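One structure is given below, encoded as structure tokens.
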Amino acid sequence: MKKPWPLAFALLGVSCLPQTIHAEKTGLVTIESLDSEIDAMLLRYQQDRGALERKYRIPMSEKRRTRLRRFFEETRTSIERIRFEVLGVSERVNLALWVNEIEKELAALEFERARDAEIAPLLPYAPRIVERLEAHVDGESIEPVGAAEQLHELAQEIDEARETLTASSASATVARRASERVDDLRRALESWFRFHDGYEPMFSWWVAKPFEAVDRVLTEHSRTLVDKLVRSNAGSQDTTLIGDPIGREALLEALARELIPYTPEELIRIAETELAWCRQRRLEASRALGFGDDWQRALDHVKGLHEQPGGQPALVRKLAQEAITFLEEKDLITIPELAKETWRLQMMSPERQLVNPYFTGGEVISVSFPTADMEHADKLMSLRGNNVHFSRATVHHELIPGHHLQQFMQARHHPERRPFATPFWTEGWALYWEMRLWDLDFPKTDKDKMGFLFWRTHRCARIVFSLSFHLGKMTVPEAVDYLVENVGHERRNATAEVRRSVGSAYSPLYQAAYMLGGLQFRALHRELVSEGGWTERQFHDRILQESSMPVEMVRVLLHGKKLESPNLVSRWRFYDENTGRSER
């Protein structure tokens, strides 16, 4: 059984610990084994954090934020006691990323607190609900008569708050956020009621009707926030498209934590440079197809080349095997047999297609395609958006070598690094392969090229519209128009893409991470493969074996350089802003 002495020495700050320890002479484990000790600490951190987050789930709870803040601060204190200078390359990366993760989580708690404070005037009754739920979490016994009376008074307070709402009470954005929080509170309160209902006869006798009243007025308050404030302040805009921009300072903070040393404005310029390259290639493909410079007509032609209803699953399976065969014939990456065997396919529901009009992937690839109960116009747009040549550029993104292979390898290599997951690695890797396969002539025809360029143009456009939205320089309707006019989306699909981008389910940098992460991997490929002598297989296998993290830290690991400090400050300017990418 391995003894944890080296980590103990590091925690105690013992300065006499030698840089190299020979186990056969001293009886101690080698300094390299610190890797496994820090791994164990990281795995315990994940379990402890998960346990706290599962216990403290109450929305708008300051007690929850205080407890999590204490956990993160105590963790930070513990890891600051580790002597950084005695660690190896991999351990230093883990420790620095851990420090970065803690700071990111603390900032997120403060951001959440500020956002909740902004909506508090619209929900003056929320503290009473939170107090009731926190008492339940603490295991306090319930007094049915008192609880019924409290709920009765609460229903009146909620109704009063609803009646006082006017169009000037808040902006559409804040009102949308408040409505979502009301829904969160209603669901949490329902869970509290179900816990007692039926198991405590006196509770059901007293509390059932007052609870029903509270549940009803909460639903009405959420609806009124949307009707009176969101719709009236948003005009004719679809209320499901109301976003919540975070502003420039928050973007800069988020970029720093992702180790992206660029301003939002610089990233938009990079996207526009890449977009110009895509447009030129698109014109070349359009001319080759006989449409001259009318790329919209060329794209329209390609959109019409889709499978008939019922035929999409067979196409996806064919395209998945085609990509695997190409990768193996070119010796580009190691693909475990089990990874090839175990991916599965399902069809996406019409409801999900309102947010995800295209494929999503992983071990299960979820295929977006028309269903019989869709409106006729929606059926046609879904068919056109998921045509054969668009699909050829996305199946490998979702499966192999993209998300399925990523997830397969993450489960088997460095599980302690799960907290460091970032879309710049996850989506950047999958997007990198769209670019790499283009370089290797995977698109066989000009129709295939139009499909690949559609998606590549889209990744550039995502940077432009998502960052512009959060900077307050582009509205949601303008973002939809931008995708239709510059990328060639069907309007329904463009709307769904923007709805997903501005909604709360994705981080503000998520959509920009595809192309930017891909450009980072591309720059790293140039350093190590084109100029450094690595083989394609060595390069790609190593990235997957190191697991998810900001791409600059992948670069540190692959170059074998030791970090000088656990405090990460990015300096890797991965894009030549004068000439653009040297390889396309």
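Every chain in the structure tokens takes a letter, A first, then B, and so on in the order presented; its residues are numbered from 1, and the ligands are numbered from 1 following the presented order.
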Among range 156-290 of chain A, which ones does DSSP place in helix (DSSP H, G or I), written as number ranges by chain? A: 156-163, 172-196, 201-234, 239-241, 248-257, 264-288
Skip Leu345 in chain A itself and residues of its chain fewer than 6 positions away, then list as a list of chain:residue names all residues within 7 Å of it, counting only C-alpha atoms.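 Near Leu345 in chain A, the qualifying residues are A:Val364, A:Ile365, A:Ser366.
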Closest atom pairs, residues of range 356-433 of chain A within 12 Å of range 251-264 of chain A, only C-alpha atoms, as JSON lines:
```
{"residue": "A:Phe420", "atom": "CA", "partner": "A:Glu258", "partner_atom": "CA", "distance": 9.7}
{"residue": "A:Ala421", "atom": "CA", "partner": "A:Glu258", "partner_atom": "CA", "distance": 10.1}
{"residue": "A:Thr422", "atom": "CA", "partner": "A:Glu258", "partner_atom": "CA", "distance": 7.6}
{"residue": "A:Pro423", "atom": "CA", "partner": "A:Glu258", "partner_atom": "CA", "distance": 9.4}
{"residue": "A:Phe424", "atom": "CA", "partner": "A:Glu258", "partner_atom": "CA", "distance": 7.9}
{"residue": "A:Trp425", "atom": "CA", "partner": "A:Glu258", "partner_atom": "CA", "distance": 10.1}
```
Report as a ChimeraX atom specification all protein, DNA and RNA residues lying within 6 Å of range 387-394 of chain A, evaluated on only C-alpha atoms, omitting residues in the same chain fewer than 5 positions from it. /A:303,305-306,448,451-452
Strand (DSSP E or B) residues, from DSSP on the backbone, in range 290-484 of chain A, as a PyMOL selection string: chain A and resi 344-347+360+364-367
Counting only C-alpha atoms, which of A:Lys447, A:Arg231, A:Arg522, A:Lys379 gets nearest to Ala285 in chain A? A:Lys447
Surrounding residues of His540 in chain A excluding itself and chain neighbours under 2 positions, 12 Å, only C-alpha atoms, as a ChimeraX atom specification: /A:327,331-335,401-402,405-406,409,429-430,432-433,436,521-522,524-525,528-529,534-538,542-547,554,558
Write to file, as a short mmCIF file (atom, residue, chain, number, x, y, z; two decimals), in the first residue's frame, the residues of the selection just made, with C-alpha atoms.
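Just written: again11.cif:
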```
data_model
loop_
_atom_site.label_atom_id
_atom_site.label_comp_id
_atom_site.auth_asym_id
_atom_site.auth_seq_id
_atom_site.Cartn_x
_atom_site.Cartn_y
_atom_site.Cartn_z
CA LEU A 327 -9.11 8.15 -40.00
CA ASP A 331 -3.30 6.60 -39.42
CA LEU A 332 -4.52 9.82 -37.80
CA ILE A 333 -5.66 8.58 -34.39
CA THR A 334 -6.12 5.42 -32.32
CA ILE A 335 -9.77 4.35 -32.17
CA PRO A 401 -13.15 11.50 -33.76
CA GLY A 402 -15.41 14.08 -32.05
CA LEU A 405 -14.38 9.46 -28.75
CA GLN A 406 -13.65 12.37 -26.41
CA MET A 409 -11.29 8.57 -23.51
CA TRP A 429 -11.49 19.50 -30.60
CA ALA A 430 -14.54 18.54 -32.65
CA TYR A 432 -10.53 21.24 -35.17
CA TRP A 433 -11.37 17.96 -36.92
CA ARG A 436 -8.21 18.99 -40.33
CA PHE A 521 -5.58 23.04 -31.50
CA ARG A 522 -4.63 24.01 -35.04
CA LEU A 524 -0.62 23.43 -31.51
CA HIS A 525 -0.69 20.99 -34.44
CA LEU A 528 4.27 19.85 -32.83
CA VAL A 529 3.38 18.06 -36.07
CA TRP A 534 5.34 14.45 -34.07
CA THR A 535 3.18 12.03 -36.03
CA GLU A 536 -0.53 12.74 -36.42
CA ARG A 537 -1.38 9.71 -34.29
CA GLN A 538 1.01 10.69 -31.49
CA ARG A 542 -1.86 12.42 -26.49
CA ILE A 543 -4.48 15.19 -26.45
CA LEU A 544 -7.26 12.72 -25.68
CA GLN A 545 -5.18 10.96 -23.04
CA GLU A 546 -4.61 14.24 -21.15
CA SER A 547 -8.37 14.91 -20.92
CA VAL A 554 -2.65 20.97 -23.10
CA LEU A 558 2.65 18.31 -24.68
#
```
Find the residues near Glu307 in chain A: any atom within 12 Å, counting only C-alpha atoms, skip ones fewer than 5 places away on the same chain, and give them as a PyMOL selection string. chain A and resi 302+312-316+369-370+380+382-391
Dump as a compact mmCIF listing (two decimals), in the first residue's frame, selection limited to all heavy atoms:
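selection.txt, freshly written:
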```txt
# COMPACT_ATOMS: atom_id res chain seq x y z
N VAL A 302 -27.79 22.43 -52.56
CA VAL A 302 -27.26 21.39 -51.67
C VAL A 302 -28.28 21.04 -50.59
O VAL A 302 -28.44 19.86 -50.23
CB VAL A 302 -25.94 21.88 -51.04
CG1 VAL A 302 -25.49 20.94 -49.92
CG2 VAL A 302 -24.85 21.97 -52.11
N GLN A 312 -32.87 8.88 -42.59
CA GLN A 312 -31.73 9.55 -41.95
C GLN A 312 -30.88 8.63 -41.08
O GLN A 312 -29.65 8.74 -41.10
CB GLN A 312 -32.22 10.75 -41.15
CG GLN A 312 -31.13 11.72 -40.75
CD GLN A 312 -30.65 12.61 -41.90
OE1 GLN A 312 -30.93 12.32 -43.06
NE2 GLN A 312 -29.95 13.67 -41.57
N PRO A 313 -31.46 7.70 -40.29
CA PRO A 313 -30.60 6.84 -39.47
C PRO A 313 -29.59 6.04 -40.29
O PRO A 313 -28.42 5.93 -39.90
CB PRO A 313 -31.61 5.91 -38.78
CG PRO A 313 -32.85 6.73 -38.68
CD PRO A 313 -32.89 7.51 -39.97
N ALA A 314 -30.01 5.51 -41.43
CA ALA A 314 -29.07 4.75 -42.28
C ALA A 314 -27.96 5.65 -42.79
O ALA A 314 -26.79 5.24 -42.88
CB ALA A 314 -29.83 4.10 -43.44
N LEU A 315 -28.30 6.89 -43.13
CA LEU A 315 -27.28 7.84 -43.60
C LEU A 315 -26.27 8.11 -42.50
O LEU A 315 -25.05 8.13 -42.75
CB LEU A 315 -27.94 9.14 -44.05
CG LEU A 315 -26.97 10.27 -44.41
CD1 LEU A 315 -26.19 9.92 -45.67
CD2 LEU A 315 -27.71 11.60 -44.58
N VAL A 316 -26.74 8.34 -41.28
CA VAL A 316 -25.83 8.64 -40.17
C VAL A 316 -24.87 7.47 -39.94
O VAL A 316 -23.66 7.67 -39.76
CB VAL A 316 -26.63 8.96 -38.89
CG1 VAL A 316 -25.71 9.03 -37.68
CG2 VAL A 316 -27.39 10.27 -39.06
N PHE A 369 -34.47 15.56 -37.26
CA PHE A 369 -35.09 15.29 -38.56
C PHE A 369 -36.60 15.46 -38.39
O PHE A 369 -37.12 15.32 -37.28
CB PHE A 369 -34.75 13.86 -39.02
CG PHE A 369 -34.69 13.70 -40.51
CD1 PHE A 369 -33.74 14.37 -41.27
CD2 PHE A 369 -35.59 12.88 -41.17
CE1 PHE A 369 -33.67 14.22 -42.64
CE2 PHE A 369 -35.54 12.72 -42.54
CZ PHE A 369 -34.57 13.40 -43.29
N PRO A 370 -37.31 15.81 -39.44
CA PRO A 370 -38.74 16.10 -39.30
C PRO A 370 -39.53 14.91 -38.76
O PRO A 370 -39.23 13.75 -39.05
CB PRO A 370 -39.18 16.44 -40.73
CG PRO A 370 -37.94 16.81 -41.45
CD PRO A 370 -36.84 16.00 -40.83
N LEU A 380 -40.07 21.11 -43.88
CA LEU A 380 -39.20 21.41 -45.01
C LEU A 380 -37.88 22.02 -44.54
O LEU A 380 -36.81 21.69 -45.05
CB LEU A 380 -39.91 22.36 -45.98
CG LEU A 380 -41.14 21.78 -46.69
CD1 LEU A 380 -41.75 22.82 -47.62
CD2 LEU A 380 -40.78 20.52 -47.47
N SER A 382 -36.44 21.60 -41.63
CA SER A 382 -35.65 20.58 -40.96
C SER A 382 -35.00 19.65 -41.97
O SER A 382 -33.82 19.27 -41.83
CB SER A 382 -36.53 19.78 -40.00
OG SER A 382 -35.77 18.81 -39.32
N LEU A 383 -35.73 19.27 -43.02
CA LEU A 383 -35.15 18.44 -44.09
C LEU A 383 -33.96 19.13 -44.73
O LEU A 383 -32.89 18.54 -44.92
CB LEU A 383 -36.21 18.14 -45.16
CG LEU A 383 -37.26 17.07 -44.86
CD1 LEU A 383 -38.32 17.07 -45.96
CD2 LEU A 383 -36.62 15.69 -44.74
N ARG A 384 -34.14 20.41 -45.04
CA ARG A 384 -33.10 21.15 -45.74
C ARG A 384 -31.89 21.40 -44.83
O ARG A 384 -30.75 21.36 -45.29
CB ARG A 384 -33.67 22.49 -46.23
CG ARG A 384 -34.64 22.32 -47.40
CD ARG A 384 -35.52 23.56 -47.59
NE ARG A 384 -34.73 24.76 -47.77
CZ ARG A 384 -34.09 25.13 -48.89
NH1 ARG A 384 -34.18 24.34 -49.96
NH2 ARG A 384 -33.40 26.24 -48.97
N GLY A 385 -32.14 21.62 -43.55
CA GLY A 385 -31.04 21.87 -42.63
C GLY A 385 -30.24 20.63 -42.28
O GLY A 385 -29.11 20.73 -41.78
N ASN A 386 -30.81 19.46 -42.50
CA ASN A 386 -30.14 18.19 -42.18
C ASN A 386 -29.93 17.35 -43.43
O ASN A 386 -30.10 16.13 -43.42
CB ASN A 386 -30.95 17.44 -41.12
CG ASN A 386 -30.97 18.16 -39.79
OD1 ASN A 386 -30.02 18.11 -39.03
ND2 ASN A 386 -32.08 18.85 -39.50
N ASN A 387 -29.54 18.03 -44.49
CA ASN A 387 -29.32 17.34 -45.76
C ASN A 387 -28.06 16.48 -45.72
O ASN A 387 -27.28 16.52 -44.75
CB ASN A 387 -29.24 18.37 -46.89
CG ASN A 387 -28.05 19.30 -46.73
OD1 ASN A 387 -26.91 18.94 -46.96
ND2 ASN A 387 -28.33 20.53 -46.30
N VAL A 388 -27.84 15.72 -46.77
CA VAL A 388 -26.74 14.75 -46.82
C VAL A 388 -25.38 15.42 -46.63
O VAL A 388 -24.53 14.96 -45.85
CB VAL A 388 -26.77 13.98 -48.16
CG1 VAL A 388 -25.52 13.10 -48.30
CG2 VAL A 388 -28.03 13.13 -48.27
N HIS A 389 -25.15 16.54 -47.30
CA HIS A 389 -23.83 17.15 -47.31
C HIS A 389 -23.55 17.96 -46.05
O HIS A 389 -22.40 18.06 -45.62
CB HIS A 389 -23.66 17.98 -48.57
CG HIS A 389 -23.85 17.16 -49.82
ND1 HIS A 389 -22.90 16.28 -50.27
CD2 HIS A 389 -24.91 17.05 -50.67
CE1 HIS A 389 -23.35 15.67 -51.37
NE2 HIS A 389 -24.57 16.13 -51.63
N PHE A 390 -24.58 18.54 -45.44
CA PHE A 390 -24.41 19.15 -44.12
C PHE A 390 -24.10 18.06 -43.09
O PHE A 390 -23.24 18.24 -42.23
CB PHE A 390 -25.67 19.89 -43.69
CG PHE A 390 -25.88 21.24 -44.33
CD1 PHE A 390 -25.22 21.59 -45.51
CD2 PHE A 390 -26.76 22.15 -43.77
CE1 PHE A 390 -25.42 22.83 -46.10
CE2 PHE A 390 -26.96 23.40 -44.35
CZ PHE A 390 -26.30 23.74 -45.52
N SER A 391 -24.80 16.94 -43.21
CA SER A 391 -24.61 15.85 -42.25
C SER A 391 -23.22 15.25 -42.35
O SER A 391 -22.63 14.86 -41.33
CB SER A 391 -25.67 14.76 -42.50
OG SER A 391 -26.97 15.27 -42.30
```
Between A:Glu101, A:Ser191, A:Thr164, A:Ala107, which is the closest to Arg57 in chain A once you count only C-alpha atoms?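 Distance minimum relative to Arg57 in chain A lands on A:Ser191.
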